[in-house]
$ cat entry19.pdb   # PDB, C-alpha atoms
ATOM      1  CA  MET A   1      -4.868  85.758 -24.629
ATOM      2  CA  TYR A   2      -6.464  82.915 -22.612
ATOM      3  CA  HIS A   3      -4.024  80.450 -21.043
ATOM      4  CA  LYS A   4      -4.978  77.160 -19.419
ATOM      5  CA  PHE A   5      -3.023  76.457 -16.267
ATOM      6  CA  VAL A   6      -1.258  73.493 -14.727
ATOM      7  CA  ILE A   7      -1.572  72.524 -11.064
ATOM      8  CA  ALA A   8       0.951  70.240  -9.394
ATOM      9  CA  LEU A   9       0.170  69.664  -5.745
ATOM     10  CA  LEU A  10       1.828  67.316  -3.258
ATOM     11  CA  LEU A  11      -0.012  66.814   0.003
ATOM     12  CA  VAL A  12       2.372  65.455   2.628
ATOM     13  CA  LEU A  13       0.830  63.476   5.441
ATOM     14  CA  PRO A  14       2.461  61.668   8.379
ATOM     15  CA  THR A  15       2.209  58.465   6.315
ATOM     16  CA  THR A  16       2.857  57.990   2.593
ATOM     17  CA  PRO A  17       1.883  61.233   0.773
ATOM     18  CA  TYR A  18      -0.656  61.265  -2.010
ATOM     19  CA  GLN A  19      -0.151  63.389  -5.082
ATOM     20  CA  ILE A  20      -2.441  65.484  -7.248
ATOM     21  CA  VAL A  21      -1.317  66.591 -10.681
ATOM     22  CA  CYS A  22      -3.696  68.488 -12.965
ATOM     23  CA  VAL A  23      -2.642  69.279 -16.515
ATOM     24  CA  TYR A  24      -5.219  71.288 -18.419
ATOM     25  CA  ASP A  25      -8.460  69.245 -18.230
ATOM     26  CA  ALA A  26      -6.953  66.018 -16.828
ATOM     27  CA  CYS A  27      -6.189  65.284 -13.168
ATOM     28  CA  THR A  28      -4.197  62.384 -11.728
ATOM     29  CA  ILE A  29      -4.433  61.412  -8.044
ATOM     30  CA  SER A  30      -1.848  58.888  -6.850
ATOM     31  CA  ASN A  31      -1.272  56.861  -3.674
ATOM     32  CA  ILE A  32      -4.483  57.900  -1.965
ATOM     33  CA  ASP A  33      -6.134  55.762   0.705
ATOM     34  CA  ILE A  34      -9.826  56.666   0.616
ATOM     35  CA  ASN A  35     -10.488  55.240   4.077
ATOM     36  CA  ARG A  36      -7.662  57.263   5.613
ATOM     37  CA  ASP A  37      -7.440  60.387   3.455
ATOM     38  CA  GLY A  38     -11.102  60.918   2.603
ATOM     39  CA  LEU A  39     -12.259  62.922  -0.418
ATOM     40  CA  TYR A  40     -10.448  66.214   0.192
ATOM     41  CA  ALA A  41      -8.092  65.654  -2.750
ATOM     42  CA  PHE A  42     -11.040  65.614  -5.162
ATOM     43  CA  SER A  43     -11.986  69.170  -4.193
ATOM     44  CA  PHE A  44      -9.201  70.362  -6.512
ATOM     45  CA  LEU A  45     -11.094  69.085  -9.564
ATOM     46  CA  THR A  46     -12.717  71.936 -11.480
ATOM     47  CA  ASN A  47     -15.932  72.066 -13.453
ATOM     48  CA  GLU A  48     -13.819  71.775 -16.603
ATOM     49  CA  THR A  49     -12.169  68.474 -15.664
ATOM     50  CA  GLN A  50     -12.632  65.905 -18.421
ATOM     51  CA  THR A  51     -10.348  63.089 -17.278
ATOM     52  CA  LEU A  52      -9.750  61.660 -13.805
ATOM     53  CA  ILE A  53      -6.964  59.116 -13.297
ATOM     54  CA  LEU A  54      -6.474  57.249 -10.032
ATOM     55  CA  LYS A  55      -3.179  55.427  -9.548
ATOM     56  CA  ARG A  56      -2.427  53.045  -6.667
ATOM     57  CA  ALA A  57      -5.568  54.123  -4.834
ATOM     58  CA  THR A  58      -6.946  51.887  -2.088
ATOM     59  CA  GLY A  59     -10.074  51.619   0.017
ATOM     60  CA  LYS A  60     -12.956  49.366   0.898
ATOM     61  CA  ARG A  61     -15.816  51.035  -0.980
ATOM     62  CA  PHE A  62     -15.541  54.041  -3.271
ATOM     63  CA  ASP A  63     -18.660  55.811  -4.489
ATOM     64  CA  PHE A  64     -17.961  58.173  -7.402
ATOM     65  CA  SER A  65     -21.448  59.716  -7.274
ATOM     66  CA  PHE A  66     -20.191  62.957  -5.745
ATOM     67  CA  LEU A  67     -18.387  63.680  -9.041
ATOM     68  CA  GLN A  68     -21.682  63.986 -10.896
ATOM     69  CA  ILE A  69     -21.531  67.759 -10.333
ATOM     70  CA  ILE A  70     -18.656  67.963 -12.870
ATOM     71  CA  PRO A  71     -20.482  68.465 -16.181
ATOM     72  CA  THR A  72     -17.484  67.779 -18.442
ATOM     73  CA  LEU A  73     -16.188  64.547 -16.890
ATOM     74  CA  GLU A  74     -15.975  61.958 -19.685
ATOM     75  CA  LEU A  75     -13.227  59.526 -18.686
ATOM     76  CA  ILE A  76     -12.308  57.764 -15.436
ATOM     77  CA  VAL A  77      -9.200  55.575 -15.338
ATOM     78  CA  LEU A  78      -8.077  53.378 -12.418
ATOM     79  CA  GLU A  79      -4.602  51.825 -12.516
ATOM     80  CA  HIS A  80      -3.058  49.468  -9.944
ATOM     81  CA  CYS A  81      -5.850  50.158  -7.455
ATOM     82  CA  LYS A  82      -7.391  47.968  -4.771
ATOM     83  CA  PHE A  83     -11.037  48.205  -3.709
ATOM     84  CA  GLU A  84     -13.742  45.812  -2.623
ATOM     85  CA  GLU A  85     -16.527  47.748  -4.327
ATOM     86  CA  LEU A  86     -16.808  50.597  -6.822
ATOM     87  CA  VAL A  87     -20.002  52.589  -7.340
ATOM     88  CA  MET A  88     -19.940  54.629 -10.537
ATOM     89  CA  LEU A  89     -21.606  57.979 -11.019
ATOM     90  CA  ARG A  90     -24.196  58.893 -13.607
ATOM     91  CA  PHE A  91     -22.203  60.845 -16.183
ATOM     92  CA  ASN A  92     -23.579  63.975 -17.800
ATOM     93  CA  ILE A  93     -22.092  63.318 -21.251
ATOM     94  CA  PRO A  94     -21.021  60.193 -23.215
ATOM     95  CA  ALA A  95     -18.246  58.694 -21.122
ATOM     96  CA  SER A  96     -15.680  55.898 -20.742
ATOM     97  CA  LEU A  97     -14.407  53.808 -17.832
ATOM     98  CA  VAL A  98     -11.004  52.083 -17.843
ATOM     99  CA  LEU A  99      -9.751  49.677 -15.151
ATOM    100  CA  ARG A 100      -6.185  48.372 -15.430
ATOM    101  CA  TYR A 101      -4.661  46.029 -12.857
ATOM    102  CA  VAL A 102      -7.459  46.689 -10.389
ATOM    103  CA  SER A 103      -8.226  44.330  -7.516
ATOM    104  CA  LEU A 104     -12.004  44.409  -7.152
ATOM    105  CA  LYS A 105     -14.923  42.281  -5.970
ATOM    106  CA  HIS A 106     -17.952  44.268  -7.131
ATOM    107  CA  ILE A 107     -18.755  47.140  -9.464
ATOM    108  CA  ARG A 108     -22.088  48.951  -9.586
ATOM    109  CA  PHE A 109     -23.538  51.479 -12.004
ATOM    110  CA  HIS A 110     -26.232  54.122 -11.696
ATOM    111  CA  ALA A 111     -29.565  52.596 -12.696
ATOM    112  CA  SER A 112     -30.535  55.522 -14.943
ATOM    113  CA  ASP A 113     -27.115  56.059 -16.568
ATOM    114  CA  SER A 114     -27.470  56.164 -20.347
ATOM    115  CA  THR A 115     -24.171  57.903 -21.068
ATOM    116  CA  LEU A 116     -21.521  55.275 -20.296
ATOM    117  CA  LYS A 117     -20.558  54.089 -23.782
ATOM    118  CA  ASP A 118     -17.158  52.465 -23.347
ATOM    119  CA  ILE A 119     -15.830  50.090 -20.659
ATOM    120  CA  ARG A 120     -12.326  48.619 -20.748
ATOM    121  CA  LEU A 121     -11.241  46.058 -18.168
ATOM    122  CA  PHE A 122      -7.628  44.854 -18.209
ATOM    123  CA  ARG A 123      -6.396  42.252 -15.730
ATOM    124  CA  VAL A 124      -9.421  42.434 -13.488
ATOM    125  CA  PRO A 125     -10.193  39.428 -11.232
ATOM    126  CA  PHE A 126     -13.434  38.411 -13.009
ATOM    127  CA  ASN A 127     -13.996  35.047 -14.691
ATOM    128  CA  VAL A 128     -17.144  36.325 -16.439
ATOM    129  CA  ILE A 129     -18.351  39.683 -17.672
ATOM    130  CA  PRO A 130     -19.811  41.346 -14.533
ATOM    131  CA  ARG A 131     -23.615  41.152 -14.407
ATOM    132  CA  THR A 132     -23.841  44.850 -13.680
ATOM    133  CA  VAL A 133     -21.991  45.586 -16.926
ATOM    134  CA  LEU A 134     -24.375  43.325 -18.857
ATOM    135  CA  LYS A 135     -27.278  45.613 -17.873
ATOM    136  CA  LEU A 136     -25.848  48.691 -19.606
ATOM    137  CA  ARG A 137     -28.093  48.827 -22.665
ATOM    138  CA  GLN A 138     -26.368  51.918 -24.058
ATOM    139  CA  LEU A 139     -22.852  50.385 -24.016
ATOM    140  CA  VAL A 140     -21.145  50.550 -27.441
ATOM    141  CA  ASP A 141     -17.618  49.278 -26.725
ATOM    142  CA  LEU A 142     -16.772  46.549 -24.205
ATOM    143  CA  GLU A 143     -13.295  45.205 -23.564
ATOM    144  CA  GLN A 144     -12.309  42.613 -20.985
ATOM    145  CA  CYS A 145      -8.762  41.367 -21.530
ATOM    146  CA  ARG A 146      -6.364  39.113 -19.623
ATOM    147  CA  SER A 147      -8.948  37.881 -17.161
ATOM    148  CA  ARG A 148      -9.886  34.336 -16.133
ATOM    149  CA  MET A 149     -12.865  34.105 -18.495
ATOM    150  CA  SER A 150     -13.037  30.577 -19.955
ATOM    151  CA  HIS A 151     -16.349  30.557 -21.833
ATOM    152  CA  LEU A 152     -18.292  33.023 -23.975
ATOM    153  CA  GLN A 153     -22.031  32.486 -24.011
ATOM    154  CA  LEU A 154     -23.534  34.944 -26.483
ATOM    155  CA  SER A 155     -26.910  34.839 -24.742
ATOM    156  CA  VAL A 156     -25.518  36.865 -21.802
ATOM    157  CA  LEU A 157     -25.127  39.820 -24.186
ATOM    158  CA  ARG A 158     -28.854  40.105 -24.945
ATOM    159  CA  ASN A 159     -29.371  43.299 -22.954
ATOM    160  CA  LEU A 160     -26.434  45.101 -24.574
ATOM    161  CA  GLU A 161     -28.619  46.459 -27.346
ATOM    162  CA  SER A 162     -26.073  49.021 -28.583
ATOM    163  CA  LEU A 163     -22.924  46.893 -28.358
ATOM    164  CA  ALA A 164     -20.852  47.317 -31.538
ATOM    165  CA  ASN A 165     -17.339  46.244 -30.500
ATOM    166  CA  LEU A 166     -16.562  43.331 -28.177
ATOM    167  CA  ASN A 167     -12.911  42.694 -27.303
ATOM    168  CA  LEU A 168     -12.289  39.578 -25.213
ATOM    169  CA  SER A 169      -8.694  39.029 -26.262
ATOM    170  CA  TYR A 170      -6.066  37.231 -24.167
ATOM    171  CA  ASN A 171      -8.415  35.520 -21.762
ATOM    172  CA  LYS A 172      -8.738  31.739 -21.328
ATOM    173  CA  ILE A 173     -11.811  31.196 -23.527
ATOM    174  CA  ARG A 174     -12.135  27.624 -24.785
ATOM    175  CA  THR A 175     -15.747  27.595 -26.035
ATOM    176  CA  VAL A 176     -18.273  29.953 -27.626
ATOM    177  CA  THR A 177     -21.974  29.085 -27.642
ATOM    178  CA  VAL A 178     -24.816  30.524 -29.691
ATOM    179  CA  ASP A 179     -27.740  32.549 -28.383
ATOM    180  CA  THR A 180     -30.635  30.339 -29.475
ATOM    181  CA  SER A 181     -33.204  33.079 -28.790
ATOM    182  CA  GLY A 182     -31.879  35.311 -31.564
ATOM    183  CA  ASP A 183     -31.914  38.361 -29.303
ATOM    184  CA  CYS A 184     -28.157  38.807 -28.991
ATOM    185  CA  CYS A 185     -25.809  41.203 -30.646
ATOM    186  CA  ALA A 186     -28.001  42.947 -33.210
ATOM    187  CA  GLN A 187     -25.523  45.846 -33.511
ATOM    188  CA  LEU A 188     -22.268  43.891 -33.083
ATOM    189  CA  ARG A 189     -19.700  44.779 -35.757
ATOM    190  CA  SER A 190     -16.416  43.507 -34.329
ATOM    191  CA  LEU A 191     -15.619  40.412 -32.254
ATOM    192  CA  ASN A 192     -12.043  40.037 -30.967
ATOM    193  CA  LEU A 193     -11.078  36.658 -29.482
ATOM    194  CA  VAL A 194      -7.333  36.909 -30.156
ATOM    195  CA  GLY A 195      -4.984  35.096 -27.780
ATOM    196  CA  ASN A 196      -7.457  32.740 -26.124
ATOM    197  CA  MET A 197      -7.396  28.938 -25.829
ATOM    198  CA  LEU A 198      -9.753  27.943 -28.625
ATOM    199  CA  VAL A 199      -8.858  24.640 -30.314
ATOM    200  CA  ARG A 200     -11.818  24.649 -32.706
ATOM    201  CA  PHE A 201     -14.221  27.315 -33.889
ATOM    202  CA  ASN A 202     -17.705  26.996 -35.329
ATOM    203  CA  PHE A 203     -18.667  30.040 -37.371
ATOM    204  CA  GLY A 204     -22.227  28.739 -37.169
ATOM    205  CA  VAL A 205     -22.603  30.561 -33.831
ATOM    206  CA  LEU A 206     -22.221  33.839 -35.764
ATOM    207  CA  ILE A 207     -24.213  32.993 -38.871
ATOM    208  CA  TYR A 208     -27.214  35.212 -38.118
ATOM    209  CA  LEU A 209     -25.380  38.289 -36.811
ATOM    210  CA  GLN A 210     -26.452  40.710 -39.510
ATOM    211  CA  ARG A 211     -24.058  43.581 -38.751
ATOM    212  CA  LEU A 212     -20.930  41.606 -37.885
ATOM    213  CA  GLU A 213     -18.030  42.799 -40.076
ATOM    214  CA  ARG A 214     -14.815  41.597 -38.408
ATOM    215  CA  VAL A 215     -13.851  38.464 -36.457
ATOM    216  CA  PHE A 216     -10.350  38.237 -34.957
ATOM    217  CA  LEU A 217      -9.228  34.714 -33.981
ATOM    218  CA  GLY A 218      -5.434  34.933 -34.238
ATOM    219  CA  HIS A 219      -3.004  33.489 -31.670
ATOM    220  CA  ASN A 220      -5.282  30.663 -30.504
ATOM    221  CA  HIS A 221      -4.788  26.883 -30.875
ATOM    222  CA  ILE A 222      -7.423  26.382 -33.572
ATOM    223  CA  ALA A 223      -6.949  23.227 -35.634
ATOM    224  CA  THR A 224     -10.550  22.731 -36.803
ATOM    225  CA  ILE A 225     -13.111  25.145 -38.224
ATOM    226  CA  ASN A 226     -16.658  24.610 -39.461
ATOM    227  CA  THR A 227     -19.905  26.478 -40.075
ATOM    228  CA  GLN A 228     -22.394  24.049 -38.612
ATOM    229  CA  GLU A 229     -25.713  25.638 -37.687
ATOM    230  CA  ASN A 230     -27.306  25.084 -34.302
ATOM    231  CA  HIS A 231     -30.734  23.646 -35.111
ATOM    232  CA  SER A 232     -32.161  24.745 -31.773
ATOM    233  CA  TYR A 233     -31.734  28.346 -32.932
ATOM    234  CA  LEU A 234     -35.070  29.950 -33.840
ATOM    235  CA  PRO A 235     -34.415  32.997 -36.040
ATOM    236  CA  LYS A 236     -37.080  35.686 -35.873
ATOM    237  CA  VAL A 237     -36.667  36.491 -39.565
ATOM    238  CA  GLU A 238     -36.235  34.437 -42.714
ATOM    239  CA  PHE A 239     -32.689  33.731 -43.931
ATOM    240  CA  CYS A 240     -31.352  32.638 -47.309
ATOM    241  CA  SER A 241     -28.179  33.072 -49.366
ATOM    242  CA  TRP A 242     -27.761  36.181 -51.524
ATOM    243  CA  LYS A 243     -25.064  34.540 -53.628
ATOM    244  CA  ASN A 244     -27.015  34.580 -56.890
ATOM    245  CA  TYR A 245     -27.989  38.191 -56.303
ATOM    246  CA  TYR A 246     -24.357  39.300 -55.870
ATOM    247  CA  LEU A 247     -23.286  37.314 -58.936
ATOM    248  CA  ALA A 248     -26.034  38.972 -60.968
ATOM    249  CA  LEU A 249     -24.843  42.404 -59.866
ATOM    250  CA  VAL A 250     -21.390  41.845 -61.370
ATOM    251  CA  GLY A 251     -22.557  39.774 -64.326
ATOM    252  CA  ASP A 252     -23.616  40.847 -67.792
ATOM    253  CA  ASN A 253     -27.212  41.498 -66.890
ATOM    254  CA  ALA A 254     -29.352  43.963 -68.784
ATOM    255  CA  THR A 255     -31.734  44.402 -65.867
ATOM    256  CA  ASN A 256     -30.959  45.417 -62.325
ATOM    257  CA  PRO A 257     -31.498  42.402 -60.061
ATOM    258  CA  ARG A 258     -33.721  42.757 -57.037
ATOM    259  CA  PRO A 259     -32.385  41.741 -53.629
ATOM    260  CA  PRO A 260     -34.033  38.634 -52.170
ATOM    261  CA  GLN A 261     -36.903  39.040 -49.725
ATOM    262  CA  CYS A 262     -34.913  37.493 -46.902
ATOM    263  CA  HIS A 263     -31.801  38.149 -44.814
ATOM    264  CA  ASP A 264     -28.394  36.973 -46.032
ATOM    265  CA  TYR A 265     -26.245  34.732 -43.854
ATOM    266  CA  PHE A 266     -23.123  36.532 -42.555
ATOM    267  CA  ALA A 267     -24.558  39.577 -44.303
ATOM    268  CA  ASN A 268     -21.676  41.984 -43.599
ATOM    269  CA  LEU A 269     -18.762  39.731 -42.586
ATOM    270  CA  LYS A 270     -15.769  41.053 -44.563
ATOM    271  CA  LEU A 271     -12.720  40.061 -42.481
ATOM    272  CA  ILE A 272     -11.612  36.946 -40.588
ATOM    273  CA  THR A 273      -8.165  36.547 -39.016
ATOM    274  CA  LEU A 274      -6.911  33.049 -38.202
ATOM    275  CA  ASN A 275      -3.191  33.824 -38.096
ATOM    276  CA  HIS A 276      -0.892  32.019 -35.648
ATOM    277  CA  ASN A 277      -3.086  28.952 -35.157
ATOM    278  CA  ARG A 278      -2.646  25.230 -35.841
ATOM    279  CA  LEU A 279      -4.489  24.917 -39.120
ATOM    280  CA  ILE A 280      -3.171  22.320 -41.558
ATOM    281  CA  ARG A 281      -6.144  21.804 -43.868
ATOM    282  CA  ILE A 282      -8.621  24.438 -45.081
ATOM    283  CA  ASP A 283     -11.852  23.634 -46.916
ATOM    284  CA  LEU A 284     -12.929  26.910 -48.516
ATOM    285  CA  SER A 285     -16.461  25.602 -49.017
ATOM    286  CA  LYS A 286     -16.884  26.132 -45.268
ATOM    287  CA  PHE A 287     -16.930  29.862 -46.042
ATOM    288  CA  GLU A 288     -19.321  29.560 -48.989
ATOM    289  CA  ARG A 289     -22.211  31.475 -47.427
ATOM    290  CA  MET A 290     -19.982  34.428 -46.509
ATOM    291  CA  ASN A 291     -20.809  36.337 -49.676
ATOM    292  CA  VAL A 292     -18.973  39.564 -48.797
ATOM    293  CA  LEU A 293     -15.922  37.977 -47.129
ATOM    294  CA  ALA A 294     -12.914  39.647 -48.765
ATOM    295  CA  ASP A 295      -9.999  38.994 -46.386
ATOM    296  CA  LEU A 296      -9.101  35.669 -44.766
ATOM    297  CA  ASP A 297      -5.819  35.886 -42.836
ATOM    298  CA  LEU A 298      -4.147  32.464 -42.576
ATOM    299  CA  ALA A 299      -0.577  33.645 -41.955
ATOM    300  CA  PHE A 300       1.703  31.618 -39.681
ATOM    301  CA  ASN A 301      -0.237  28.355 -40.011
ATOM    302  CA  ASP A 302       1.427  25.180 -41.256
ATOM    303  CA  ILE A 303      -1.106  24.757 -44.062
ATOM    304  CA  LYS A 304      -0.611  21.677 -46.222
ATOM    305  CA  THR A 305      -3.892  21.637 -48.134
ATOM    306  CA  ILE A 306      -6.512  24.141 -49.239
ATOM    307  CA  GLU A 307      -9.513  22.453 -50.821
ATOM    308  CA  ILE A 308     -11.439  24.298 -53.511
ATOM    309  CA  ALA A 309     -14.818  22.901 -54.515
ATOM    310  CA  LYS A 310     -16.101  24.192 -57.838
ATOM    311  CA  GLY A 311     -18.934  26.681 -57.379
ATOM    312  CA  ARG A 312     -18.589  26.711 -53.598
ATOM    313  CA  LEU A 313     -16.042  29.463 -53.017
ATOM    314  CA  PRO A 314     -16.834  32.648 -51.083
ATOM    315  CA  ILE A 315     -17.447  34.875 -54.092
ATOM    316  CA  SER A 316     -15.704  38.030 -52.773
ATOM    317  CA  LEU A 317     -12.593  36.394 -51.285
ATOM    318  CA  ASN A 318      -9.238  37.827 -52.367
ATOM    319  CA  MET A 319      -7.327  34.589 -52.914
ATOM    320  CA  SER A 320      -4.050  36.403 -53.505
ATOM    321  CA  GLU A 321      -4.057  37.620 -49.887
ATOM    322  CA  LEU A 322      -3.956  34.139 -48.348
ATOM    323  CA  LYS A 323      -0.614  33.744 -46.575
ATOM    324  CA  GLY A 324       1.344  30.726 -45.404
ATOM    325  CA  SER A 325       3.465  29.553 -42.494
ATOM    326  CA  ALA A 326       6.284  32.026 -43.187
ATOM    327  CA  GLY A 327       4.028  34.999 -42.540
ATOM    328  CA  TYR A 328       2.538  37.945 -44.343
ATOM    329  CA  LEU A 329       5.312  38.287 -46.930
ATOM    330  CA  HIS A 330       5.005  34.647 -47.966
ATOM    331  CA  ASP A 331       2.369  33.589 -50.482
ATOM    332  CA  LEU A 332       1.019  30.069 -50.288
ATOM    333  CA  SER A 333       2.581  27.653 -52.719
ATOM    334  CA  PRO A 334       0.283  26.539 -55.564
ATOM    335  CA  ASP A 335       0.964  22.969 -54.435
ATOM    336  CA  VAL A 336      -1.287  23.355 -51.397
ATOM    337  CA  PHE A 337      -4.406  23.975 -53.493
ATOM    338  CA  SER A 338      -6.493  20.975 -54.498
ATOM    339  CA  GLU A 339      -9.766  20.879 -56.396
ATOM    340  CA  THR A 340     -12.610  18.761 -55.070
ATOM    341  CA  GLN A 341     -16.118  18.006 -56.290
TER     342      GLN A 341
END
$ encode --input "entry19.pdb" --output "C-alpha cells"
Amino acid sequence: MYHKFVIALLLVLPTTPYQIVCVYDACTISNIDINRDGLYAFSFLTNETQTLILKRATGKRFDFSFLQIIPTLELIVLEHCKFEELVMLRFNIPASLVLRYVSLKHIRFHASDSTLKDIRLFRVPFNVIPRTVLKLRQLVDLEQCRSRMSHLQLSVLRNLESLANLNLSYNKIRTVTVDTSGDCCAQLRSLNLVGNMLVRFNFGVLIYLQRLERVFLGHNHIATINTQENHSYLPKVEFCSWKNYYLALVGDNATNPRPPQCHDYFANLKLITLNHNRLIRIDLSKFERMNVLADLDLAFNDIKTIEIAKGRLPISLNMSELKGSAGYLHDLSPDVFSETQ
C-alpha cells in the first residue's frame, strides 16, 4: 500500500529559527528572512508540492521564479509577510495567489503567464488594483478586500478579458463609474461591493454588462438608487428591452415568439442585495428593465414606501421575498406599498 508522508522540520539558527512543515502536498515555511536565510528551506519542496504557504516571511525582494520547476504547484499563500517587491513565477497549471496581511510596495508577474486564474488580496497596502494585476488577461477571479481603495472605475478592467468574479468588499469605495468604451467586463458574472462607503448607486453603470448575474451591495450607506444611463457610453451592439418577448413566452400564445434582434438590458441580472443600507423609499420602476431579476434583498432597511407603477414592474421579481427593517424573517407590511401612475 502507498502511503504519503509528513515532514516536520525545524531549522535552528543563532537568531530566530524558521520552520518547515510539509503535510502531504502542502508545505508551510514560517519566520524566514530571505535576505538572511536564503532559499535553502525551499529545497525541501518536492515535485509533488501543490501548495506553498509562507507565514511571517520578510525580505526586500523575493523572486518566486525558481519554483517554476515544480510542475504541480497551484497555490501560493503569503500571510503576515513583509516585502518591498514580489516577483511571481510562471505556473505550469491553473493556479491561485493569496496575500493576507502582507506589507508590499510592488508585485510583478511573468509576462507570458496564462495560468494564474485567481488572485485574492486581503489587507494589502494598495489604494487601487495594482496595474500589474490589471494586465492578467486570463484572470477569472479577483478579490481585493479591506484595502484603501476609494473609487472603482470600470474602464481599468478592460484588459481582464476572462474576469468572471470581482470581489471588492470592505474597502472605502464611494463611487463607481462606467466604462464608456464598452470594452469592460464582457465575462463578469458577479460584482461584490459589500461593506464599502457608497451613499448612492446608479445601476446604469452596469446596464450593458450582458453576463452579469449577481450584484452585492449590502452593508453600505446607500440612501438613493437609480438606473440613469450615461449618454457618453457608445455601445458596440444594439440594445432594447426583451420584456414583451418574456411576457409572450409565459402567455397564452399559440406560436413560439422569436427573440428580438438586439441585446437585452441587464440580460442575466438575477440577484441584487441591498440589505443593511439606509433606504427609506423604493421605486420599483427603477428596476423595470431588469427582466430576469428574481431576488431583491432589502432586509434591514427602514423602508417606509415602495412605489409600484402599473406595467412597470420587473416581470420576474419575487415580491414575497422582499424583507423589511426587522430582517429576513420579517415580511414588509402591506402599508408600505403604494400604487403610482
$ residues_around --input "entry19.pdb" --residues "Glu238 in chain A" --least-positions-apart "4" --cutoff "9 Å" --atoms "only C-alpha atoms" --output "ChimeraX atom specification"
/A:261-264
$ residues_around --input "entry19.pdb" --residues "range 302-316 of chain A" --least-positions-apart "4" --cutoff "8 Å" --atoms "all atoms listed in the file" --output "list in words"
Lys243, Leu247, Arg278, Leu279, Ile280, Arg281, Ile282, Asp283, Leu284, Ser285, Phe287, Glu288, Arg289, Met290, Asn291, Val292, Leu293, Ala294, Gly324, Ser325, Val336, Phe337, Ser338, Glu339, Thr340 and Gln341 of chain A
$ closest_residue --input "entry19.pdb" --among "A:Phe62, A:Phe201, A:Phe44, A:Tyr246" --to "Glu84 in chain A" --atoms "only C-alpha atoms"
A:Phe62
$ resolve_selection --input "entry19.pdb" --expression "the PyMOL selection byres ((chain A and resi 63) around 7)" --output "short mmCIF file (atom, residue, chain, number, x, y, z; two decimals) with C-alpha atoms, in the frame of the given file"
data_model
loop_
_atom_site.label_atom_id
_atom_site.label_comp_id
_atom_site.auth_asym_id
_atom_site.auth_seq_id
_atom_site.Cartn_x
_atom_site.Cartn_y
_atom_site.Cartn_z
CA ARG A 61 -15.82 51.04 -0.98
CA PHE A 62 -15.54 54.04 -3.27
CA PHE A 64 -17.96 58.17 -7.40
CA SER A 65 -21.45 59.72 -7.27
CA LEU A 86 -16.81 50.60 -6.82
CA VAL A 87 -20.00 52.59 -7.34
CA MET A 88 -19.94 54.63 -10.54
#
$ resolve_selection --input "entry19.pdb" --expression "the PyMOL selection byres ((chain A and resi 142) around 7)" --output "JSON, numbers by chain"
{"A": [118, 119, 120, 140, 141, 143, 144, 165, 166, 167]}
$ closest_residue --input "entry19.pdb" --among "A:Ala248, A:Val237, A:Leu212, A:Ile107" --to "Lys270 in chain A" --atoms "only C-alpha atoms"
A:Leu212
$ atom_distance --input "entry19.pdb" --atom1 "CA of Lys323 in chain A" --atom2 "CA of Phe216 in chain A"
15.8 Å
$ resolve_selection --input "entry19.pdb" --expression "the PyMOL selection byres ((chain A and resi 168) around 10)" --output "CSV table (one decimal) with C-alpha atoms, keeping the file's coordinate frame"
chain,number,residue,atom,x,y,z
A,121,LEU,CA,-11.2,46.1,-18.2
A,122,PHE,CA,-7.6,44.9,-18.2
A,129,ILE,CA,-18.4,39.7,-17.7
A,142,LEU,CA,-16.8,46.5,-24.2
A,143,GLU,CA,-13.3,45.2,-23.6
A,144,GLN,CA,-12.3,42.6,-21.0
A,145,CYS,CA,-8.8,41.4,-21.5
A,146,ARG,CA,-6.4,39.1,-19.6
A,147,SER,CA,-8.9,37.9,-17.2
A,149,MET,CA,-12.9,34.1,-18.5
A,152,LEU,CA,-18.3,33.0,-24.0
A,165,ASN,CA,-17.3,46.2,-30.5
A,166,LEU,CA,-16.6,43.3,-28.2
A,167,ASN,CA,-12.9,42.7,-27.3
A,169,SER,CA,-8.7,39.0,-26.3
A,170,TYR,CA,-6.1,37.2,-24.2
A,171,ASN,CA,-8.4,35.5,-21.8
A,172,LYS,CA,-8.7,31.7,-21.3
A,173,ILE,CA,-11.8,31.2,-23.5
A,191,LEU,CA,-15.6,40.4,-32.3
A,192,ASN,CA,-12.0,40.0,-31.0
A,193,LEU,CA,-11.1,36.7,-29.5
A,194,VAL,CA,-7.3,36.9,-30.2
A,195,GLY,CA,-5.0,35.1,-27.8
A,196,ASN,CA,-7.5,32.7,-26.1
$ residues_around --input "entry19.pdb" --residues "Ile272 in chain A" --least-positions-apart "6" --cutoff "9 Å" --atoms "only C-alpha atoms" --output "ChimeraX atom specification"
/A:213-217,293-298
$ closest_residue --input "entry19.pdb" --among "A:Asn268, A:Ser162, A:Ser112, A:Ser103" --to "Val124 in chain A" --atoms "only C-alpha atoms"
A:Ser103
$ atom_distance --input "entry19.pdb" --atom1 "CA of Leu99 in chain A" --atom2 "CA of Phe66 in chain A"
19.3 Å
$ residues_around --input "entry19.pdb" --residues "range 22-33 of chain A" --least-positions-apart "2" --cutoff "10 Å" --atoms "all atoms listed in the file" --output "number ranges by chain"
A: 3-10, 16-20, 35-39, 41-42, 44-60, 72-73, 75-82
$ residues_around --input "entry19.pdb" --residues "Gln210 in chain A" --least-positions-apart "2" --cutoff "9 Å" --atoms "only C-alpha atoms" --output "NGL selection string"
:A and (185-189 or 206-208 or 212-213 or 263-269)
$ decode --input "entry19.pdb" --residues "range 215-219 of chain A" --atoms "N, CA and C atoms" --output "PDB file, in the first residue's frame"
ATOM      1  N   VAL A 215     -25.231  41.114  -8.066  1.00  0.00           N
ATOM      2  CA  VAL A 215     -24.627  42.351  -7.564  1.00  0.00           C
ATOM      3  C   VAL A 215     -24.894  42.424  -6.065  1.00  0.00           C
ATOM      4  N   PHE A 216     -23.818  42.502  -5.280  1.00  0.00           N
ATOM      5  CA  PHE A 216     -23.924  42.521  -3.818  1.00  0.00           C
ATOM      6  C   PHE A 216     -23.555  43.909  -3.305  1.00  0.00           C
ATOM      7  N   LEU A 217     -24.539  44.600  -2.696  1.00  0.00           N
ATOM      8  CA  LEU A 217     -24.347  45.980  -2.243  1.00  0.00           C
ATOM      9  C   LEU A 217     -24.719  46.156  -0.773  1.00  0.00           C
ATOM     10  N   GLY A 218     -24.808  45.080  -0.023  1.00  0.00           N
ATOM     11  CA  GLY A 218     -25.185  45.161   1.381  1.00  0.00           C
ATOM     12  C   GLY A 218     -24.145  45.875   2.229  1.00  0.00           C
ATOM     13  N   HIS A 219     -24.581  46.339   3.408  1.00  0.00           N
ATOM     14  CA  HIS A 219     -23.691  46.951   4.406  1.00  0.00           C
ATOM     15  C   HIS A 219     -22.938  48.158   3.844  1.00  0.00           C
TER      16      HIS A 219
END
